[in-house]
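Below: the structure, in structure tokens.
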Amino acid sequence: MIIRRKQMLNLLDNIVQAVLSLRDNRFRTILSILGIAVGIAAVMAIGSVSKGGHFMVFKELETFGLSSVWVMRGNEDVNPNRVTRKGSGIDVADIAALNSDCCSAIRRITPIVYSYGINPLIHVGNRYSNGRVTGVGYDYLTINNDTLSEGLGFKPSDILRSRNVAIIGKAVVEDLFSGVSEIIGQEIRVNDRKYTVVGILDVKSRDFLKSIGSAGDDLNKRILVPYTALQLQLGKSDIDVIQAEAVEFDQAATATAQIMTVLEHQHNRKFTYRAQTMSQYIATANGILQGVSLIGVLAASISLLVGGMGIMNIISTSVMERTREIGLRKAVGATRRHILFQFLMESIILSGIGGVLGLFLGVLISSILAWITGFPLIPSALTIVISLVVSVGIGLLSGYYPAKRAANLRPVIALRYE
Amino acid sequence: MILLENVHKQYKLGEIPIPVLKGISLNISQGEFVAIMGPSGSGKSTLLNIIGCLDILDDGSYYLAGMSVDVNSEDDLAEIRNQKLGFVFQQFNLIPRINAVRNVEVPLLYSEISPQIRKDRAMKMLELVGLEERAEHSPAQLSGGQQQRVAIARALVNTPTILIADEPTGSLDTQSGNEIMQIFAALNKTGITIVMVTHEEDIAAYASRVIRLRDGVVEMDRKRP
């Protein structure tokens, strides 16, 4: 009876037939390849940009110390029938308590004393600075990932003995010492007191965070002094904020809970406290970045969609122009499956070439972006695999409808087509 | 070889059925060279399509080489066409972008034959029709007669037992037409059965049997002595 033939041409024959017919209409072929290439390149560029954004934001978030937590007095409801307790709710005795082995989730802490509302006058001779004087502990630099470009910084004894020494930011250096070569050992005046400069901070940038309104003060305007010295000068014993570094990034919540427990115990629950952690900020930043890249990917997908429609168009046109050829092929024995695969192969070759081309374009764009921004934005292997799979998938999807139509042509009618 | 019994076929023009073949019975033996003639609308092309397994009859029966062709599956019909039949058309139907030898190879693409044997056989067929010199030429570089000879080579490449020809000389000048007919006559001598539709008397004269149709029935069936 009827001998079953193989259901498909062998792959090589199939590819040869497809390439021959694609070569026949070079201009159209190139256009539809470009359509896919642009789409894939756009998707990859968006991927690189969002990766770069992520990189940039995290680099700035690191300037706070990624495991940092801050604890300060809470904003209690104002009760008119009660005398509002004064003070920050944190004092020097609390620091000692926190430094004992109370809190397993904390690696190191630093008290922070602000000079807000006092606005000390900072000057050297007749040069003035609008720097911000902040009292800190010995571990402040470590917790905040700060490094010194000059000088040795504080010694533990500077904090203990309330010495008048200062570490200053680059902007303060420019305000007070521009043109001066040896700054370490010089004195600056903060109101009536003199502080000796023992360190200069490396420049830190929070330009991006500032642009979305969450940078805090200019980091390069900091004047760091021992918190004990600032307390003496301001005549107060309070500490405004406890900043601590959690042992692990994901221990931040535990660390704040432990600190608050100690503080509440120390003050017999007279005060309530609130805390901020970097992990909250990071979660927020991640959320925003994901939203941005999702929108980008959606936008790029539209160009992929257009590319896919281009392929559908070229295959449809090709099927129509080659109706008689399809009729002939069927007359001499091609099955529906043979015809279906012939046209699918053409569409897969188009989109595959487009995908590879788009990949190269995407890598090129990413490399240029990397060169401009200085971030490593080379696409990952996963990105490459995904874009190739996606482009071949688009070929399959957009080629299927016209290929199916070709396969279903009846030979008698196709042969008569003019 | 070909046995048709009371074959009916109708087409639908909108909702109205138009009968094209109204009970045709035919018996064509192996080695015959049959010309089917008749005015347009007589059903000769439809009959040829049914014999060529390009179309399915509505009623009646069709035996090809002793085997009933009552399959409804398009793929099974494709199988029969590929293994047993060769086709020559009025419009040649060569694929324009591939050269002569690749055109001849096309039927073999759809059967189990290795690429090397495919090419050898295609070249042999081109030799048979005297076009081995033109194997690398594209159809556009060939004259009408040459194109039809490539088409004949293509029809023969899968060693069919029956050659189906639909107005094979309809697009050719008299001289080329006669050359094609001489090839047909020579092929027929080797034992290949030929069924050909034509409306030219001098082309039909090459055949050993002429069947005339009118309004979907056989009007005349005459064998040459």
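Please note that chains go A, B, ... in the order of the structure tokens, that every chain numbers its residues from 1, and that ligands are numbered from 1 in the order shown.
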
Practice item. Name the residues of stretch 12-221 of chain B that fall into strand (DSSP E or B) according to DSSP on the backbone, using the chain letters and numbers of this document, as JSON, numbers by chain. Key: {"B": [12, 13, 16, 17, 18, 19, 20, 21, 22, 23, 24, 25, 26, 27, 28, 33, 34, 35, 36, 37, 59, 60, 61, 62, 63, 64, 67, 68, 85, 86, 87, 88, 89, 162, 163, 164, 165, 166, 193, 194, 195, 196, 197, 209, 210, 211, 212, 213, 214, 217, 218, 219, 220, 221]}

Writing out the chosen residues with C-alpha atoms as a compact mmCIF listing (two decimals), in the first residue's frame:
```txt
# COMPACT_ATOMS: atom_id res chain seq x y z
CA LYS B 12 -20.38 24.85 -6.19
CA LEU B 13 -20.88 28.28 -7.63
CA ILE B 16 -25.69 26.37 -6.80
CA PRO B 17 -24.01 23.06 -7.60
CA ILE B 18 -22.60 22.87 -11.14
CA PRO B 19 -22.11 19.29 -12.32
CA VAL B 20 -18.86 18.99 -14.28
CA LEU B 21 -18.42 15.25 -14.71
CA LYS B 22 -21.62 13.27 -15.11
CA GLY B 23 -20.76 9.61 -14.91
CA ILE B 24 -17.50 8.95 -16.70
CA SER B 25 -16.16 5.44 -17.10
CA LEU B 26 -12.76 4.86 -18.60
CA ASN B 27 -10.18 2.11 -18.75
CA ILE B 28 -6.65 3.13 -19.71
CA PHE B 33 -0.81 7.49 -24.88
CA VAL B 34 -4.18 9.16 -24.37
CA ALA B 35 -5.23 12.61 -25.51
CA ILE B 36 -8.31 14.06 -23.82
CA MET B 37 -10.03 16.68 -25.95
CA ASP B 59 -19.14 9.77 -6.65
CA GLY B 60 -18.00 6.67 -8.49
CA SER B 61 -14.68 4.90 -8.12
CA TYR B 62 -11.12 5.23 -9.31
CA TYR B 63 -8.53 2.47 -9.37
CA LEU B 64 -4.94 3.36 -10.05
CA MET B 67 -5.44 0.18 -6.05
CA SER B 68 -8.54 2.08 -5.06
CA LEU B 85 2.78 10.27 -11.16
CA GLY B 86 4.71 12.89 -13.10
CA PHE B 87 3.21 16.26 -14.07
CA VAL B 88 3.72 18.58 -17.02
CA PHE B 89 1.77 21.85 -17.09
CA ILE B 162 1.99 7.69 -15.53
CA LEU B 163 2.73 11.10 -17.00
CA ILE B 164 -0.05 13.65 -16.57
CA ALA B 165 0.16 16.53 -19.05
CA ASP B 166 -2.20 19.52 -19.02
CA THR B 193 1.54 5.72 -19.74
CA ILE B 194 0.70 9.27 -20.82
CA VAL B 195 -2.57 11.09 -20.22
CA MET B 196 -2.65 14.50 -21.89
CA VAL B 197 -5.25 17.23 -22.22
CA ARG B 209 -6.07 7.08 -28.28
CA VAL B 210 -8.28 10.16 -28.31
CA ILE B 211 -11.11 10.69 -25.84
CA ARG B 212 -13.52 13.53 -26.54
CA LEU B 213 -15.65 14.97 -23.76
CA ARG B 214 -18.72 17.13 -24.06
CA VAL B 217 -19.69 12.84 -20.56
CA VAL B 218 -17.52 10.89 -23.00
CA GLU B 219 -18.64 11.79 -26.47
CA MET B 220 -16.16 9.74 -28.39
CA ASP B 221 -13.36 7.30 -27.48
```

Exercise for review: Give as number ranges by chain every residue of chain A that touches chain B within 6 Å, counting only C-alpha atoms.
Suggested key: A: 332-335

**Study point:** Residue contacts of stretch 266-279 of chain A (6 Å, only C-alpha atoms) excluding same-chain residues fewer than 5 positions away, as number ranges by chain
**Key:** A: 66, 68-74

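Non-sequential neighbours of stretch 199-207 of chain A (distance at most 7 Å, separation of 3 or more positions within a chain, only C-alpha atoms) are Glu60, Asp146, Thr147, Leu148, Ser149, Glu150, Gly151, Leu152, Gly153, Ala166, Ile167, Ile168, Gly169, Lys170, Ile184, Lys210, Ser211, Ala215, Leu219 and Asn220 of chain A.
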
Those same residues, written as a CSV table (one decimal), in the first residue's frame with C-alpha atoms?
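Output file result-v6.csv is given in full below:
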```csv
chain,number,residue,atom,x,y,z
A,60,GLU,CA,25.2,56.0,46.4
A,146,ASP,CA,33.9,57.0,55.0
A,147,THR,CA,37.6,57.1,54.3
A,148,LEU,CA,40.2,59.8,54.8
A,149,SER,CA,42.2,61.4,52.0
A,150,GLU,CA,44.5,63.0,54.5
A,151,GLY,CA,45.3,62.8,58.2
A,152,LEU,CA,44.8,60.0,60.7
A,153,GLY,CA,41.4,60.9,62.0
A,166,ALA,CA,37.8,67.9,63.6
A,167,ILE,CA,37.5,65.8,60.4
A,168,ILE,CA,36.3,68.0,57.6
A,169,GLY,CA,34.8,67.4,54.1
A,170,LYS,CA,36.3,68.6,50.8
A,184,ILE,CA,46.3,68.8,58.8
A,210,LYS,CA,19.7,64.2,45.7
A,211,SER,CA,17.9,64.4,42.3
A,215,ALA,CA,20.2,62.7,49.8
A,219,LEU,CA,28.2,65.0,52.5
A,220,ASN,CA,31.2,67.1,51.5
```

Once DSSP has gone over the backbone, tell me which residues of stretch 65-164 of chain B are in helix (DSSP H, G or I), as a PDB file with C-alpha atoms, in the first residue's frame.
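Now in result.pdb:
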```
ATOM      1  CA  GLU B  74      -4.561  15.142   1.264  1.00  0.00           C
ATOM      2  CA  ASP B  75      -1.270  13.742   2.495  1.00  0.00           C
ATOM      3  CA  ASP B  76      -2.084  10.280   1.104  1.00  0.00           C
ATOM      4  CA  LEU B  77      -2.867  11.826  -2.266  1.00  0.00           C
ATOM      5  CA  ALA B  78       0.447  13.709  -2.099  1.00  0.00           C
ATOM      6  CA  GLU B  79       2.105  10.363  -1.473  1.00  0.00           C
ATOM      7  CA  ILE B  80       0.543   8.794  -4.575  1.00  0.00           C
ATOM      8  CA  ARG B  81       1.455  11.797  -6.724  1.00  0.00           C
ATOM      9  CA  ASN B  82       5.007  11.689  -5.471  1.00  0.00           C
ATOM     10  CA  GLN B  83       5.539   7.970  -6.055  1.00  0.00           C
ATOM     11  CA  LYS B  84       3.494   7.142  -9.150  1.00  0.00           C
ATOM     12  CA  ALA B 100      17.342  23.904 -13.979  1.00  0.00           C
ATOM     13  CA  VAL B 101      18.908  20.965 -12.165  1.00  0.00           C
ATOM     14  CA  ARG B 102      17.535  22.111  -8.798  1.00  0.00           C
ATOM     15  CA  ASN B 103      14.103  22.418 -10.377  1.00  0.00           C
ATOM     16  CA  VAL B 104      14.353  18.850 -11.589  1.00  0.00           C
ATOM     17  CA  GLU B 105      15.307  17.740  -8.081  1.00  0.00           C
ATOM     18  CA  VAL B 106      12.185  19.175  -6.410  1.00  0.00           C
ATOM     19  CA  PRO B 107      10.011  15.980  -6.425  1.00  0.00           C
ATOM     20  CA  LEU B 108      12.908  14.047  -4.912  1.00  0.00           C
ATOM     21  CA  LEU B 109      13.074  16.492  -1.988  1.00  0.00           C
ATOM     22  CA  PRO B 115      21.150  14.622  -1.785  1.00  0.00           C
ATOM     23  CA  GLN B 116      23.944  13.140  -3.899  1.00  0.00           C
ATOM     24  CA  ILE B 117      21.764  10.542  -5.661  1.00  0.00           C
ATOM     25  CA  ARG B 118      19.194  13.291  -6.106  1.00  0.00           C
ATOM     26  CA  LYS B 119      21.587  15.443  -8.066  1.00  0.00           C
ATOM     27  CA  ASP B 120      22.821  12.515 -10.175  1.00  0.00           C
ATOM     28  CA  ARG B 121      19.320  11.503 -11.105  1.00  0.00           C
ATOM     29  CA  ALA B 122      18.321  15.055 -11.906  1.00  0.00           C
ATOM     30  CA  MET B 123      21.345  15.373 -14.219  1.00  0.00           C
ATOM     31  CA  LYS B 124      20.420  12.106 -15.958  1.00  0.00           C
ATOM     32  CA  MET B 125      16.931  13.376 -16.616  1.00  0.00           C
ATOM     33  CA  LEU B 126      18.299  16.605 -18.050  1.00  0.00           C
ATOM     34  CA  GLU B 127      20.480  14.521 -20.376  1.00  0.00           C
ATOM     35  CA  LEU B 128      17.394  12.595 -21.418  1.00  0.00           C
ATOM     36  CA  GLU B 132      22.583  18.772 -19.626  1.00  0.00           C
ATOM     37  CA  GLU B 133      24.468  21.823 -20.918  1.00  0.00           C
ATOM     38  CA  ARG B 134      21.869  24.120 -19.383  1.00  0.00           C
ATOM     39  CA  PRO B 139      14.430  29.292 -15.959  1.00  0.00           C
ATOM     40  CA  ALA B 140      14.492  32.893 -17.181  1.00  0.00           C
ATOM     41  CA  GLN B 141      17.611  32.092 -19.230  1.00  0.00           C
ATOM     42  CA  GLY B 144       9.822  28.195 -23.601  1.00  0.00           C
ATOM     43  CA  GLY B 145      10.593  24.860 -25.253  1.00  0.00           C
ATOM     44  CA  GLN B 146      13.649  24.386 -23.061  1.00  0.00           C
ATOM     45  CA  GLN B 147      11.654  25.258 -19.944  1.00  0.00           C
ATOM     46  CA  GLN B 148       9.070  22.656 -20.856  1.00  0.00           C
ATOM     47  CA  ARG B 149      11.827  20.101 -21.349  1.00  0.00           C
ATOM     48  CA  VAL B 150      13.149  20.900 -17.858  1.00  0.00           C
ATOM     49  CA  ALA B 151       9.584  20.395 -16.620  1.00  0.00           C
ATOM     50  CA  ILE B 152       9.452  17.008 -18.370  1.00  0.00           C
ATOM     51  CA  ALA B 153      12.778  16.052 -16.729  1.00  0.00           C
ATOM     52  CA  ARG B 154      11.234  17.033 -13.417  1.00  0.00           C
ATOM     53  CA  ALA B 155       8.150  14.939 -14.129  1.00  0.00           C
ATOM     54  CA  LEU B 156      10.320  11.906 -14.900  1.00  0.00           C
TER      55      LEU B 156
END
```

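Residue nearest A:Ala252, chosen from A:Ser366, A:Asn130, A:Ser104, A:Gln186 and counting only C-alpha atoms: A:Ser104.
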
Check your understanding: So which one's closest to A:Gly87, A:Leu121, A:Ile386, A:Leu305, A:Val241? Using only C-alpha atoms, please.
Key -> A:Val241

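Using only C-alpha atoms, the residues found no farther than 12 Å from A:Ser301, other than those of its own chain fewer than 2 positions away, are Gly35, Ile36, Val38, Gly39, Ile40, Ala41, Ala42, Val43, Met44, Ala45, Ile46, Gly47, Ser293, Leu294, Ile295, Gly296, Val297, Leu298, Ala299, Ser303, Leu304, Leu305, Val306, Gly307, Gly308, Ser387, Val390, Ser391 and Ile394 of chain A.
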
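Between atom CA of B:Leu187 and atom CA of B:Met1 lies a distance of 16.8 Å.
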
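Using only C-alpha atoms, the smallest distance between any of A:Val225, A:Met345, A:Phe55, A:Gly135 and A:Asn286 comes from A:Phe55.
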